[in-house]
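*Asks:* Would you mind keeping the following structure in view while I ask a few things?
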Amino acid sequence: MALTVGIIGLPQAGKTSLFNALTGAGAPAGGYSTGTVQANLAVVSVPDERVERLAAIFQPRKKTLATVEFVDVAGLASAGAEAKREGLSDEYLGHIRAANALAVIVRCFTSASVPHPAGSVDAARDLSDLLATLTLTDLATIEGRMVRTAKAAKGGDKKYQVELDLLRRVQAELEAGKLASELDLDPSERATINDLFLLTSKPRLYVANVSETVLADAGALLAQLAAAPADALPALVAAQTGELRAVAEVGARARREGTQAIAVSAKLEAELKELPPEDTAEYLEALGLPQLGAERVIQAGYRLLNLITFLTAGEDEVRAWTVEAGSRAPTAAGKVHTDIERGFIRAEVTRYEDFIAAGSFAVARERGQLRLEGKEYIIQDGDIAHFRFNVSK
Ligand SMILES: Nc1nc2c(ncn2[C@@H]2O[C@H](COP(=O)(O)OP(=O)(O)OP(=O)(O)O)[C@@H](O)[C@H]2O)c(=O)[nH]1
Ligand SMILES: [Mg+2]
């Protein structure tokens, strides 16, 4: 599964800068967009130290990291006024409908040289505006489906009447300000609604774009907000001033919605991305940051989507693979090849840490750490797997 993350946000929030920080693609940032809906697309390898260490041991011919695709869409600027009335244009939507998750970038930085389209920096307002635009788009989608379902219901099939009732209920809830991700639906209702690919039902990651001077504090504040009891949030937000107040608003909203928020300094990190990696480490240390924002975005995306990584290792190739947490061994095998899923016999599994401590599969086997697992085994993050299969039948 290629994980695709759509970067969205109000005009001048720093979408293209974040895209560049993530991808190093050097797309032109700055300036209001011209009205054409032009998208920047790039595929990024997910940094994984385990792959590097395994590659050092196996010296494989090929080393392959998991990848994430990022899409940066310009044009929300021009869509803005119109979108307020009728949701986003089809062209704009085409670029983000297919995304598995949205990275919603919210401007927190203040800068005299970068005008805010609304005249002032207000993260809570911007986030509400943006989500309202997405909701309007979803309402248009729902209305479109209602017309078709209502027609079908005339034929007398109960199923369509049930669907129509559900659509009406969801419509009323979205109109009352709820997001599709917050609806209380049973599994079959959820399946019907998932069919609509509503924007507000996509997993969302909130990205607070801050000045480099507050980056470290913003990260600490978001961690504090994520851990605080819910009733302590308002006081924690109220205690902040300046950019950190904006960050706190973003963090508190993420908490209320049960999603994640991270802080980046998109402009700075886009610039860092252009330096040689040795120099980047020095800068990060000076800024008091453990890792680049790009890596934090990717990791948060994995957590958000409930994805894990398993590994395959040998002389041919060392490779990281992405699966949903909770997947069984044959599903994981199917990532490698559909034939392996079809003819799955068993998986030989070693934990990455055990393998590194043992130094080889042979020693791991002697220690009883190379396990034989069957069809029911649930693959774990950091499993090194070798699949046995037979497709002769
Ligand atoms: N001071 C400061 N400026 C920033 C930051 N992030 C982005 N900018 C600047 O803000 C301007 C807009 O950034 P972009 O990344 O182009 O924003 P965008 O959301 O892609 O804008 P549109 O595509 O026009 O909607 C650029 O001049 C950036 O250099 C930041 O963290 N701090
Ligand atoms: Mg842009």
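Order determines the names: the first chain of the structure tokens is A, the second B, and so forth; residues in each chain are numbered 1 upward, and ligands are numbered 1 upward as they are shown.
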Find the residues near Gln224 (chain A): any atom within 10 Å, counting only C-alpha atoms, skip ones fewer than 5 places away on the same chain, and give them as an NGL selection string.

*Replies:* :A and (218-219 or 229 or 233 or 236 or 248 or 251)

*Asks:* As a quick test: using only C-alpha atoms and all ligand atoms, which residues lie no more than 8 Å away from ligand 1? Give them as number ranges by chain.

*Replies:* A: 8-19, 28-33, 72-77, 105, 107-111, 113-114, 209-212, 264-268

*Asks:* Based on DSSP run over this structure's backbone, return all residues of region 165-369 of chain A in helix (DSSP H, G or I), as a PyMOL selection string.

*Replies:* chain A and resi 165-175+180-182+187-194+199-201+212-227+230-238+242-257+266-272+277-287+293-304+329-336+338-342+352-358+361-366

*Asks:* Considering only C-alpha atoms, return as a JSON list (two decimals) with N, CA and C atoms, in the first residue's frame whatever protein or nucleic-acid residues lie within 10 Å of Gly177 (chain A), sequence-local ones (same chain, fewer than 5 positions apart) excluded.

*Replies:*
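Saved result, selection_18.json, follows:
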```
[["chain", "number", "residue", "atom", "x", "y", "z"],
["A", 128, "SER", "N", -11.02, 26.29, 12.01],
["A", 128, "SER", "CA", -12.48, 26.17, 11.86],
["A", 128, "SER", "C", -12.90, 26.47, 10.43],
["A", 131, "LEU", "N", -11.90, 23.53, 8.13],
["A", 131, "LEU", "CA", -12.74, 22.35, 8.33],
["A", 131, "LEU", "C", -14.15, 22.61, 7.82],
["A", 132, "ALA", "N", -14.61, 23.87, 7.94],
["A", 132, "ALA", "CA", -15.94, 24.21, 7.42],
["A", 132, "ALA", "C", -15.97, 24.05, 5.90],
["A", 135, "THR", "N", -16.19, 20.46, 5.16],
["A", 135, "THR", "CA", -17.54, 19.97, 5.48],
["A", 135, "THR", "C", -18.52, 20.33, 4.37],
["A", 172, "ALA", "N", -27.67, 16.09, 8.52],
["A", 172, "ALA", "CA", -28.07, 16.96, 9.63],
["A", 172, "ALA", "C", -26.92, 17.16, 10.62]]
```

*Asks:* For Thr23 (chain A), which residue among A:Glu163, A:Asp90, A:Glu69, A:Asp231 is the nearest when counting only C-alpha atoms?

*Replies:*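 Among the listed residues, the smallest separation from Thr23 (chain A) belongs to A:Glu69.
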
*Asks:* Taking the DSSP assignment computed from this structure's backbone, write out as a PyMOL selection string all residues of region 187-256 of chain A that belong to strand (DSSP E or B).

*Replies:* chain A and resi 204-209

*Asks:* So which residues touch region 194-204 of chain A within 7 Å, counting only C-alpha atoms, skipping near sequence neighbours fewer than 5 positions away, as a list of chain:residue names?

*Replies:*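 Result of the neighbour search: A:Arg97, A:Asn100, A:Ala101, A:Leu102, A:Ala103, A:Val104, A:Leu134, A:Thr135, A:Asp138, A:Leu179, A:Ala180, A:Ser181, A:Thr259, A:Leu304, A:Leu305.
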
*Asks:* Please provide as a PyMOL selection string all residues within 12 Å of Thr192 (chain A), with the sequence filter that same-chain residues fewer than 2 positions apart are discarded (counting only C-alpha atoms).

*Replies:* chain A and resi 142+145+149+159-160+162-167+170+185-190+194-198

*Asks:* Write a file of the selected residues as an mmCIF file, in the first residue's frame, keeping C-alpha atoms.

*Replies:*
```cif
data_model
loop_
_atom_site.group_PDB
_atom_site.id
_atom_site.type_symbol
_atom_site.label_atom_id
_atom_site.label_comp_id
_atom_site.auth_asym_id
_atom_site.auth_seq_id
_atom_site.Cartn_x
_atom_site.Cartn_y
_atom_site.Cartn_z
ATOM 1 C CA ILE A 142 -23.882 13.639 0.372
ATOM 2 C CA ARG A 145 -25.696 10.664 -3.371
ATOM 3 C CA THR A 149 -30.511 6.977 -3.567
ATOM 4 C CA LYS A 159 -32.118 -1.126 1.389
ATOM 5 C CA TYR A 160 -32.250 2.225 -0.385
ATOM 6 C CA VAL A 162 -32.334 2.701 4.935
ATOM 7 C CA GLU A 163 -29.464 4.365 3.097
ATOM 8 C CA LEU A 164 -31.516 7.473 2.476
ATOM 9 C CA ASP A 165 -32.366 7.742 6.178
ATOM 10 C CA LEU A 166 -28.699 7.391 7.052
ATOM 11 C CA LEU A 167 -27.691 10.065 4.548
ATOM 12 C CA VAL A 170 -25.377 12.414 8.473
ATOM 13 C CA LEU A 185 -22.086 4.999 13.310
ATOM 14 C CA ASP A 186 -22.401 1.248 13.459
ATOM 15 C CA PRO A 187 -20.079 -0.801 11.217
ATOM 16 C CA SER A 188 -22.519 -1.191 8.327
ATOM 17 C CA GLU A 189 -23.383 2.514 8.411
ATOM 18 C CA ARG A 190 -19.685 3.328 8.540
ATOM 19 C CA ASN A 194 -16.781 5.284 3.746
ATOM 20 C CA ASP A 195 -17.987 4.662 0.208
ATOM 21 C CA LEU A 196 -18.412 8.410 -0.191
ATOM 22 C CA PHE A 197 -14.743 9.179 0.567
ATOM 23 C CA LEU A 198 -15.732 12.218 2.581
#
```

*Asks:* Just the number, please: distance in Å from CA of Glu271 (chain A) to CA of Asn20 (chain A), one decimal.

*Replies:*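 If I compute the distance from CA of Glu271 (chain A) to CA of Asn20 (chain A), I get 8.5 Å.
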
*Asks:* Rounded to one decimal place, report the CA of Thr312 (chain A)-CA of Leu54 (chain A) distance in Å.

*Replies:* 9.4 Å

*Asks:* Got a sec: who's within 8 Å of Ala325 (chain A), counting only C-alpha atoms, leaving out chain neighbours fewer than 3 positions off, as a short mmCIF file (atom, residue, chain, number, x, y, z; two decimals) with C-alpha atoms, in the first residue's frame?

*Replies:*
```cif
data_model
loop_
_atom_site.label_atom_id
_atom_site.label_comp_id
_atom_site.auth_asym_id
_atom_site.auth_seq_id
_atom_site.Cartn_x
_atom_site.Cartn_y
_atom_site.Cartn_z
CA ASN A 306 -2.32 2.54 12.47
CA LEU A 307 0.47 1.31 10.20
CA ILE A 308 3.44 -0.82 11.18
CA ILE A 379 2.49 -9.59 12.25
CA GLN A 380 4.27 -7.19 14.62
CA ASP A 381 6.23 -4.01 14.02
#
```

*Asks:* Rounded to one decimal place, report the CA of Glu324 (chain A)-CA of Ala228 (chain A) distance in Å.

*Replies:*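 Between these atoms lies a distance of 28.3 Å.
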
*Asks:* Kindly indicate which residue among A:Leu289, A:Leu136, A:Ala252, A:Ala39 lies nearest to ligand 2, using only C-alpha atoms and all ligand atoms for the distances.

*Replies:*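 Closest residue, counting only C-alpha atoms and all ligand atoms: A:Ala39.
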
*Asks:* For Arg346 (chain A), which residue out of A:Leu372, A:Ala98, A:Val44, A:Val323 is the nearest one, using only C-alpha atoms?

*Replies:*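 Nearest to Arg346 (chain A): A:Leu372.
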
*Asks:* Write out as a PyMOL selection string which residues come within 12 Å of Pro290 (chain A) when counting only C-alpha atoms, dropping same-chain ones fewer than 5 positions away.

*Replies:* chain A and resi 215-216+219-220+280-285+295-296

*Asks:* Once you have the residues from the selection above, write them out as a PDB file, in the first residue's frame, restricted to N, CA, C and O atoms.

*Replies:*
```
ATOM      1  N   LEU A 215      10.194  26.748  18.077  1.00  0.00           N
ATOM      2  CA  LEU A 215       9.979  25.373  17.638  1.00  0.00           C
ATOM      3  C   LEU A 215      10.095  24.354  18.781  1.00  0.00           C
ATOM      4  O   LEU A 215       9.218  23.514  18.969  1.00  0.00           O
ATOM      5  N   ALA A 216      11.167  24.466  19.547  1.00  0.00           N
ATOM      6  CA  ALA A 216      11.382  23.494  20.629  1.00  0.00           C
ATOM      7  C   ALA A 216      10.286  23.622  21.689  1.00  0.00           C
ATOM      8  O   ALA A 216       9.731  22.617  22.153  1.00  0.00           O
ATOM      9  N   GLY A 219       6.979  22.104  20.504  1.00  0.00           N
ATOM     10  CA  GLY A 219       6.965  20.639  20.599  1.00  0.00           C
ATOM     11  C   GLY A 219       6.661  20.193  22.017  1.00  0.00           C
ATOM     12  O   GLY A 219       5.843  19.289  22.248  1.00  0.00           O
ATOM     13  N   ALA A 220       7.306  20.852  22.991  1.00  0.00           N
ATOM     14  CA  ALA A 220       7.097  20.496  24.397  1.00  0.00           C
ATOM     15  C   ALA A 220       5.648  20.783  24.811  1.00  0.00           C
ATOM     16  O   ALA A 220       5.013  19.984  25.510  1.00  0.00           O
ATOM     17  N   THR A 280      22.966  19.030   8.876  1.00  0.00           N
ATOM     18  CA  THR A 280      21.607  19.049   9.423  1.00  0.00           C
ATOM     19  C   THR A 280      21.627  18.651  10.888  1.00  0.00           C
ATOM     20  O   THR A 280      20.993  19.285  11.725  1.00  0.00           O
ATOM     21  N   ALA A 281      22.385  17.587  11.196  1.00  0.00           N
ATOM     22  CA  ALA A 281      22.443  17.085  12.570  1.00  0.00           C
ATOM     23  C   ALA A 281      22.884  18.186  13.530  1.00  0.00           C
ATOM     24  O   ALA A 281      22.310  18.347  14.609  1.00  0.00           O
ATOM     25  N   GLU A 282      23.885  18.954  13.110  1.00  0.00           N
ATOM     26  CA  GLU A 282      24.401  20.033  13.958  1.00  0.00           C
ATOM     27  C   GLU A 282      23.328  21.089  14.233  1.00  0.00           C
ATOM     28  O   GLU A 282      23.151  21.541  15.353  1.00  0.00           O
ATOM     29  N   TYR A 283      22.617  21.450  13.164  1.00  0.00           N
ATOM     30  CA  TYR A 283      21.553  22.445  13.302  1.00  0.00           C
ATOM     31  C   TYR A 283      20.465  21.969  14.252  1.00  0.00           C
ATOM     32  O   TYR A 283      19.989  22.714  15.093  1.00  0.00           O
ATOM     33  N   LEU A 284      20.088  20.703  14.077  1.00  0.00           N
ATOM     34  CA  LEU A 284      19.021  20.158  14.917  1.00  0.00           C
ATOM     35  C   LEU A 284      19.417  20.237  16.379  1.00  0.00           C
ATOM     36  O   LEU A 284      18.614  20.600  17.239  1.00  0.00           O
ATOM     37  N   GLU A 285      20.688  19.910  16.650  1.00  0.00           N
ATOM     38  CA  GLU A 285      21.161  19.938  18.024  1.00  0.00           C
ATOM     39  C   GLU A 285      21.092  21.360  18.575  1.00  0.00           C
ATOM     40  O   GLU A 285      20.622  21.591  19.684  1.00  0.00           O
ATOM     41  N   GLU A 295      10.512  13.853   9.387  1.00  0.00           N
ATOM     42  CA  GLU A 295      10.428  12.526  10.003  1.00  0.00           C
ATOM     43  C   GLU A 295       9.294  12.469  11.016  1.00  0.00           C
ATOM     44  O   GLU A 295       8.616  11.458  11.143  1.00  0.00           O
ATOM     45  N   ARG A 296       9.075  13.579  11.726  1.00  0.00           N
ATOM     46  CA  ARG A 296       7.971  13.596  12.703  1.00  0.00           C
ATOM     47  C   ARG A 296       6.627  13.488  11.992  1.00  0.00           C
ATOM     48  O   ARG A 296       5.725  12.807  12.449  1.00  0.00           O
TER      49      ARG A 296
END
```
